[in-house]
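**Student:** Input: one structure, supplied below.
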Amino acid sequence: MELGRMAEILEAEVICGQENLHLDIPLAVASDMMSDVLVSTECDRVLISGLCTIHTVLTAQILDLKAVIFVRNKVPTAEMIEAARENDISILRTGFTMFAACGELYKHGLRGRRRVDEQ
Amino acid sequence: MSNEHGEQVTFQETRQVEQGDFATAGQIAASFKNTLKKLGVASPVIRRIAIASYEAEINLAIHSWGGTMRLIIYPDRVRLLVDDVGPGIENIDLAMQEGYSTASEEVRMLGFGAGMGMPNMKRCADAFKIESVLGKGTSISMDFNL
């Protein structure tokens with residue numbers, strides 16, 4: 001799914017990385033725990049999180065992810081936005097809860113790993 | 001440049017992690033990642049090394065009294081050595097179990113302490129060795145084949 005389409009569905013504000021909105025990102029991972037995100041090395045994922053710290057951006061950077069969507073209206077700091085810009089990572093922000101954001105994106109066809117032991 | 005066994009070393013770098021340095025933890029992993037990228041290492045391998053470095057760096061900041069992270073690049077593999085001075089790990093089998101964590105609530109608020117750090121390191125590495133002495137510290141050696 002194109003990142004721009006995700007932004008539309010989630011009525012999200014694009015805080016930085018407009019240039020990535022045309023990117024097709026086929027998978028998603030959603031967690032507030034970064035080690036749970038770091039379980040998989042897949043890079044073609046969007047990271048959906050309610051954890052709004054520099055570590056969320058760093059996790060995206062380490063995994064070569066192109067976009068982070070913050071749920072529950074979390075506001076990223078200037079430091080986070082700068083780190084995201086330096087690493088070509090888009091930051092989106094939505095008022096949707098984690099549950100609703102994931103549900104809406106899934107309903108519209110976005111998928112993620114179903115089981116942790118899936119290859 | 002070569003190591004004590006006469007093996008050719010392409011590159012090596014040692015970085016220090018201070019106790020409780022949680023806010024900046026991840027910078028060393030990011031810098032190792034850049035180094036590997038510049039040296040032309042393939043992206044999937046870089047990501048595995050970066051994940052293991054990040055988890056190790058977080059662990060040093062959370063649990064140790066300070067330590068070092070050493071990246072050694074050989075022609076056929078990358079070695080990551082993580083050595084700390086610290087309380088040591090009482091039960092390594094338990095620490096390797098997914099979901100087991102002794103991290104504080106403060107650390108969990110920052111998105112870590114899911115009990116996946118050590119299993120993630122082991123999963124990413126092609127070879128993983130850990131030694132720990134209570135009251136002294138912990139040493140981890142990880143190899144990543146190129």
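Labels used: A, B, ... for chains in the order of the structure tokens, numbers from 1 for residues in each chain, and numbers from 1 for ligands as shown.
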Name all residues at most 10 Å from B:Arg48 (count only C-alpha atoms; drop same-chain ones fewer than 5 positions away) and give them as a list of chain:residue names.
**Tutor:**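 Selected residues are A:Leu38, A:Ser40, A:Thr41, A:Ile62, A:Leu63, B:Lys33, B:Ser43, B:Ser53, B:Tyr54, B:Asn120, B:Met121, B:Arg123, B:Cys124, B:Ala125, B:Asp126, B:Phe144.
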**Student:** Restricting the output to N, CA, C and O atoms, write the selected residues as a compact mmCIF listing (two decimals), in the first residue's frame.
**Tutor:**
```txt
# COMPACT_ATOMS: atom_id res chain seq x y z
N LEU A 38 12.36 -5.37 16.45
CA LEU A 38 13.69 -5.81 16.01
C LEU A 38 13.80 -7.33 15.85
O LEU A 38 14.86 -7.83 15.49
N SER A 40 12.34 -9.02 13.60
CA SER A 40 12.40 -9.33 12.18
C SER A 40 13.34 -8.36 11.46
O SER A 40 13.40 -7.18 11.80
N THR A 41 14.07 -8.87 10.45
CA THR A 41 15.01 -8.01 9.72
C THR A 41 14.40 -7.44 8.45
O THR A 41 15.06 -6.74 7.70
N ILE A 62 17.82 1.62 12.08
CA ILE A 62 18.58 0.37 12.14
C ILE A 62 18.02 -0.65 11.15
O ILE A 62 18.76 -1.41 10.53
N LEU A 63 16.69 -0.66 10.99
CA LEU A 63 16.04 -1.65 10.13
C LEU A 63 15.84 -1.19 8.69
O LEU A 63 15.24 -1.90 7.88
N LYS B 33 26.72 0.70 11.55
CA LYS B 33 25.93 0.46 10.34
C LYS B 33 26.49 1.28 9.17
O LYS B 33 26.68 0.77 8.06
N SER B 43 23.33 -5.32 2.40
CA SER B 43 22.32 -4.77 3.32
C SER B 43 21.71 -5.77 4.31
O SER B 43 21.56 -5.44 5.49
N SER B 53 23.91 -5.05 17.37
CA SER B 53 24.66 -3.96 18.01
C SER B 53 23.73 -3.09 18.84
O SER B 53 24.07 -2.69 19.95
N TYR B 54 22.58 -2.78 18.29
CA TYR B 54 21.62 -1.91 18.97
C TYR B 54 21.16 -2.57 20.27
O TYR B 54 21.15 -1.95 21.34
N ASN B 120 17.17 -11.83 20.28
CA ASN B 120 17.35 -11.14 19.00
C ASN B 120 18.81 -11.17 18.57
O ASN B 120 19.12 -11.38 17.40
N MET B 121 19.73 -10.94 19.52
CA MET B 121 21.16 -10.97 19.18
C MET B 121 21.54 -12.35 18.65
O MET B 121 22.20 -12.48 17.63
N ARG B 123 19.64 -14.67 17.36
CA ARG B 123 18.97 -14.96 16.10
C ARG B 123 19.69 -14.30 14.92
O ARG B 123 19.80 -14.85 13.85
N CYS B 124 20.22 -13.08 15.16
CA CYS B 124 20.87 -12.33 14.08
C CYS B 124 22.26 -12.88 13.74
O CYS B 124 22.70 -12.78 12.61
N ALA B 125 22.94 -13.42 14.74
CA ALA B 125 24.33 -13.83 14.54
C ALA B 125 24.43 -15.24 13.97
O ALA B 125 23.57 -16.08 14.21
N ASP B 126 25.51 -15.50 13.21
CA ASP B 126 25.77 -16.85 12.72
C ASP B 126 26.44 -17.70 13.81
O ASP B 126 26.35 -18.92 13.80
N PHE B 144 29.29 -12.82 12.20
CA PHE B 144 28.34 -12.69 11.09
C PHE B 144 29.11 -13.02 9.82
O PHE B 144 30.08 -12.33 9.48
```
**Student:** May I have the residues within 10 Å of B:Gly66 as JSON, numbers by chain, using only C-alpha atoms and disregarding those fewer than 5 positions away in the same chain?
**Tutor:** {"B": [16, 17, 18, 19, 20, 21, 60, 61, 83, 84, 85, 86, 137]}
**Student:** Okay, now the selection with N, CA and C atoms, as a PDB file, in the first residue's frame?
**Tutor:**
```pdb
ATOM      1  N   GLN B  16      33.065   2.978  23.520  1.00  0.00           N
ATOM      2  CA  GLN B  16      32.747   2.881  24.941  1.00  0.00           C
ATOM      3  C   GLN B  16      31.266   3.186  25.175  1.00  0.00           C
ATOM      4  N   VAL B  17      30.624   2.397  26.035  1.00  0.00           N
ATOM      5  CA  VAL B  17      29.239   2.704  26.442  1.00  0.00           C
ATOM      6  C   VAL B  17      29.248   2.972  27.945  1.00  0.00           C
ATOM      7  N   GLU B  18      28.693   4.109  28.343  1.00  0.00           N
ATOM      8  CA  GLU B  18      28.662   4.461  29.764  1.00  0.00           C
ATOM      9  C   GLU B  18      27.403   3.888  30.418  1.00  0.00           C
ATOM     10  N   GLN B  19      27.512   3.611  31.700  1.00  0.00           N
ATOM     11  CA  GLN B  19      26.367   3.123  32.470  1.00  0.00           C
ATOM     12  C   GLN B  19      25.212   4.143  32.413  1.00  0.00           C
ATOM     13  N   GLY B  20      24.016   3.657  32.179  1.00  0.00           N
ATOM     14  CA  GLY B  20      22.827   4.513  32.219  1.00  0.00           C
ATOM     15  C   GLY B  20      22.699   5.472  31.059  1.00  0.00           C
ATOM     16  N   ASP B  21      23.558   5.316  30.059  1.00  0.00           N
ATOM     17  CA  ASP B  21      23.580   6.243  28.931  1.00  0.00           C
ATOM     18  C   ASP B  21      22.479   5.874  27.946  1.00  0.00           C
ATOM     19  N   LEU B  60      23.939  -2.770  27.519  1.00  0.00           N
ATOM     20  CA  LEU B  60      25.057  -2.189  28.278  1.00  0.00           C
ATOM     21  C   LEU B  60      24.575  -0.968  29.063  1.00  0.00           C
ATOM     22  N   ALA B  61      23.778  -0.119  28.397  1.00  0.00           N
ATOM     23  CA  ALA B  61      23.291   1.104  29.050  1.00  0.00           C
ATOM     24  C   ALA B  61      22.352   0.765  30.214  1.00  0.00           C
ATOM     25  N   ASP B  83      31.809  -6.346  25.748  1.00  0.00           N
ATOM     26  CA  ASP B  83      32.360  -6.668  27.067  1.00  0.00           C
ATOM     27  C   ASP B  83      31.933  -5.612  28.062  1.00  0.00           C
ATOM     28  N   ASP B  84      31.425  -6.075  29.211  1.00  0.00           N
ATOM     29  CA  ASP B  84      31.070  -5.075  30.214  1.00  0.00           C
ATOM     30  C   ASP B  84      31.600  -5.432  31.580  1.00  0.00           C
ATOM     31  N   VAL B  85      31.684  -4.393  32.411  1.00  0.00           N
ATOM     32  CA  VAL B  85      31.906  -4.575  33.827  1.00  0.00           C
ATOM     33  C   VAL B  85      30.514  -4.386  34.423  1.00  0.00           C
ATOM     34  N   GLY B  86      30.087  -5.339  35.252  1.00  0.00           N
ATOM     35  CA  GLY B  86      28.720  -5.205  35.748  1.00  0.00           C
ATOM     36  C   GLY B  86      28.327  -6.344  36.661  1.00  0.00           C
ATOM     37  N   GLY B 137      31.077  -9.241  35.352  1.00  0.00           N
ATOM     38  CA  GLY B 137      30.630  -8.729  34.055  1.00  0.00           C
ATOM     39  C   GLY B 137      30.298  -9.821  33.060  1.00  0.00           C
TER      40      GLY B 137
END
```
**Student:** Quick check: residues of chain A within 12 Å of chain B, only C-alpha atoms, returned as a PyMOL selection string.
**Tutor:** chain A and resi 31-44+49-65+79-80+83+87+116
**Student:** DSSP says helix (DSSP H, G or I) for which residues of chain A? Put them as a count of residues only?
**Tutor:** 42
**Student:** Just to confirm, what's the straight-line distance from atom CA of A:Ile15 to atom CA of A:Ala101 in Å (one decimal)?
**Tutor:**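 Computing it gives 17.3 Å between the two atoms.
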**Student:** Run DSSP on the backbone and grab whatever in chain B lands in strand (DSSP E or B); send it over as an MDAnalysis selection string.
**Tutor:** chainID B and resid 2 8 11:17 67:73 77:84 127:133 137:145
**Student:** Any chance you could export the current selection's N, CA and C atoms as a short mmCIF file (atom, residue, chain, number, x, y, z; two decimals), in the first residue's frame?
**Tutor:**
```
data_model
loop_
_atom_site.label_atom_id
_atom_site.label_comp_id
_atom_site.auth_asym_id
_atom_site.auth_seq_id
_atom_site.Cartn_x
_atom_site.Cartn_y
_atom_site.Cartn_z
N SER B 2 46.53 -7.25 11.27
CA SER B 2 46.11 -8.62 11.53
C SER B 2 45.88 -8.82 13.02
N GLN B 8 44.03 -11.65 8.71
CA GLN B 8 43.95 -10.30 8.18
C GLN B 8 42.69 -9.59 8.70
N PHE B 11 39.20 -3.96 9.12
CA PHE B 11 38.84 -2.74 9.86
C PHE B 11 38.52 -3.13 11.29
N GLN B 12 38.87 -2.26 12.25
CA GLN B 12 38.36 -2.48 13.60
C GLN B 12 38.17 -1.17 14.34
N GLU B 13 37.19 -1.20 15.22
CA GLU B 13 36.85 0.00 15.96
C GLU B 13 36.29 -0.40 17.32
N THR B 14 36.73 0.28 18.39
CA THR B 14 36.20 0.00 19.72
C THR B 14 35.52 1.24 20.25
N ARG B 15 34.31 1.07 20.76
CA ARG B 15 33.56 2.21 21.31
C ARG B 15 33.13 1.92 22.75
N GLN B 16 33.06 2.98 23.52
CA GLN B 16 32.75 2.88 24.94
C GLN B 16 31.27 3.19 25.17
N VAL B 17 30.62 2.40 26.03
CA VAL B 17 29.24 2.70 26.44
C VAL B 17 29.25 2.97 27.94
N GLY B 67 30.87 -0.44 29.51
CA GLY B 67 31.48 -1.50 28.73
C GLY B 67 31.95 -1.03 27.37
N THR B 68 32.39 -1.99 26.57
CA THR B 68 32.88 -1.65 25.24
C THR B 68 32.20 -2.50 24.17
N MET B 69 32.13 -1.93 23.00
CA MET B 69 31.64 -2.65 21.83
C MET B 69 32.72 -2.56 20.77
N ARG B 70 33.12 -3.71 20.27
CA ARG B 70 34.22 -3.75 19.31
C ARG B 70 33.77 -4.41 18.02
N LEU B 71 33.95 -3.71 16.94
CA LEU B 71 33.59 -4.23 15.62
C LEU B 71 34.88 -4.60 14.91
N ILE B 72 35.00 -5.86 14.53
CA ILE B 72 36.19 -6.29 13.79
C ILE B 72 35.74 -6.89 12.47
N ILE B 73 36.26 -6.36 11.39
CA ILE B 73 35.86 -6.87 10.08
C ILE B 73 37.00 -7.65 9.45
N ARG B 77 34.17 -12.47 7.51
CA ARG B 77 33.14 -12.34 8.55
C ARG B 77 33.31 -11.04 9.33
N VAL B 78 32.27 -10.70 10.05
CA VAL B 78 32.33 -9.55 10.95
C VAL B 78 32.17 -10.09 12.36
N ARG B 79 33.03 -9.63 13.26
CA ARG B 79 32.91 -10.05 14.66
C ARG B 79 32.52 -8.85 15.50
N LEU B 80 31.55 -9.07 16.39
CA LEU B 80 31.13 -8.03 17.31
C LEU B 80 31.40 -8.53 18.73
N LEU B 81 32.27 -7.83 19.44
CA LEU B 81 32.61 -8.22 20.80
C LEU B 81 32.03 -7.20 21.77
N VAL B 82 31.25 -7.70 22.72
CA VAL B 82 30.61 -6.80 23.69
C VAL B 82 31.08 -7.22 25.08
N ASP B 83 31.81 -6.35 25.75
CA ASP B 83 32.36 -6.67 27.07
C ASP B 83 31.93 -5.61 28.06
N ASP B 84 31.42 -6.07 29.21
CA ASP B 84 31.07 -5.08 30.21
C ASP B 84 31.60 -5.43 31.58
N ALA B 127 27.17 -17.03 14.71
CA ALA B 127 27.74 -17.72 15.87
C ALA B 127 27.61 -16.78 17.06
N PHE B 128 27.23 -17.34 18.21
CA PHE B 128 26.95 -16.51 19.38
C PHE B 128 27.53 -17.20 20.61
N LYS B 129 28.38 -16.46 21.34
CA LYS B 129 28.95 -17.03 22.57
C LYS B 129 28.77 -16.02 23.69
N ILE B 130 28.40 -16.52 24.87
CA ILE B 130 28.24 -15.60 25.99
C ILE B 130 28.88 -16.20 27.24
N GLU B 131 29.59 -15.36 27.96
CA GLU B 131 30.17 -15.78 29.24
C GLU B 131 29.87 -14.70 30.24
N SER B 132 29.50 -15.11 31.46
CA SER B 132 29.17 -14.11 32.46
C SER B 132 29.64 -14.56 33.83
N VAL B 133 30.21 -13.64 34.59
CA VAL B 133 30.65 -13.94 35.95
C VAL B 133 29.94 -12.96 36.88
N GLY B 137 31.08 -9.24 35.35
CA GLY B 137 30.63 -8.73 34.06
C GLY B 137 30.30 -9.82 33.06
N THR B 138 29.99 -9.37 31.87
CA THR B 138 29.51 -10.27 30.82
C THR B 138 30.27 -9.99 29.53
N SER B 139 30.59 -11.05 28.79
CA SER B 139 31.22 -10.92 27.48
C SER B 139 30.41 -11.68 26.46
N ILE B 140 30.14 -11.03 25.36
CA ILE B 140 29.41 -11.67 24.27
C ILE B 140 30.24 -11.55 23.00
N SER B 141 30.34 -12.65 22.27
CA SER B 141 31.03 -12.63 20.99
C SER B 141 30.06 -13.11 19.92
N MET B 142 29.93 -12.31 18.88
CA MET B 142 29.01 -12.68 17.79
C MET B 142 29.76 -12.61 16.46
N ASP B 143 29.54 -13.62 15.62
CA ASP B 143 30.12 -13.62 14.28
C ASP B 143 29.02 -13.57 13.23
N PHE B 144 29.29 -12.82 12.20
CA PHE B 144 28.34 -12.69 11.09
C PHE B 144 29.11 -13.02 9.82
N ASN B 145 28.71 -14.07 9.12
CA ASN B 145 29.43 -14.46 7.91
C ASN B 145 29.17 -13.49 6.77
#
```
**Student:** Go ahead and compute the interatomic distance for atom CA of B:Tyr74 and atom CA of B:Glu7, in Å to one decimal.
**Tutor:**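 According to the coordinates, atom CA of B:Tyr74 and atom CA of B:Glu7 are separated by 7.7 Å.
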**Student:** Need to verify the contact set: A:Pro26, 8 Å, only C-alpha atoms, exclusion of same-chain residues closer than 6 positions in sequence. Can you return it as a count of residues only?
**Tutor:** 5
**Student:** Excluding A:Cys16 and residues on its chain fewer than 5 positions from it, collect all residues at most 9 Å away from it, counting only C-alpha atoms, and give them as a list of chain:residue names.
**Tutor:** A:Ile81, A:Ala84, A:Arg85, A:Asp88, A:Ile89, A:Ser90, A:Ile91, A:Leu92
**Student:** Grab the residues selected above and save them as a PDB file, in the first residue's frame with N, CA and C atoms.
**Tutor:**
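Ended up saving to result-v9.pdb:
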```pdb
ATOM      1  N   ILE A  81      12.474  14.387  14.691  1.00  0.00           N
ATOM      2  CA  ILE A  81      12.189  14.798  13.302  1.00  0.00           C
ATOM      3  C   ILE A  81      13.502  14.988  12.534  1.00  0.00           C
ATOM      4  N   ALA A  84      14.951  11.648  11.728  1.00  0.00           N
ATOM      5  CA  ALA A  84      14.173  11.019  10.658  1.00  0.00           C
ATOM      6  C   ALA A  84      14.552  11.627   9.307  1.00  0.00           C
ATOM      7  N   ARG A  85      14.650  12.964   9.266  1.00  0.00           N
ATOM      8  CA  ARG A  85      15.005  13.641   8.000  1.00  0.00           C
ATOM      9  C   ARG A  85      16.368  13.182   7.503  1.00  0.00           C
ATOM     10  N   ASP A  88      16.069   9.803   5.807  1.00  0.00           N
ATOM     11  CA  ASP A  88      14.988   9.616   4.815  1.00  0.00           C
ATOM     12  C   ASP A  88      13.824   8.787   5.350  1.00  0.00           C
ATOM     13  N   ILE A  89      13.471   9.032   6.584  1.00  0.00           N
ATOM     14  CA  ILE A  89      12.343   8.317   7.178  1.00  0.00           C
ATOM     15  C   ILE A  89      11.176   9.298   7.301  1.00  0.00           C
ATOM     16  N   SER A  90      10.016   8.887   6.812  1.00  0.00           N
ATOM     17  CA  SER A  90       8.830   9.734   6.953  1.00  0.00           C
ATOM     18  C   SER A  90       8.225   9.541   8.336  1.00  0.00           C
ATOM     19  N   ILE A  91       7.726  10.634   8.902  1.00  0.00           N
ATOM     20  CA  ILE A  91       6.976  10.518  10.156  1.00  0.00           C
ATOM     21  C   ILE A  91       5.554  11.002   9.912  1.00  0.00           C
ATOM     22  N   LEU A  92       4.582  10.134  10.261  1.00  0.00           N
ATOM     23  CA  LEU A  92       3.176  10.485  10.177  1.00  0.00           C
ATOM     24  C   LEU A  92       2.592  10.427  11.585  1.00  0.00           C
TER      25      LEU A  92
END
```
**Student:** As an exercise, work out the distance from atom CA of A:Asp117 to atom CA of B:Glu90 in Å and give it to one decimal place.
**Tutor:** 27.9 Å
**Student:** Considering only C-alpha atoms, state which residue in the set A:Ala100, A:Glu118, A:Glu11, A:Gly109 is at the smallest distance from A:Ala30.
**Tutor:** A:Ala100
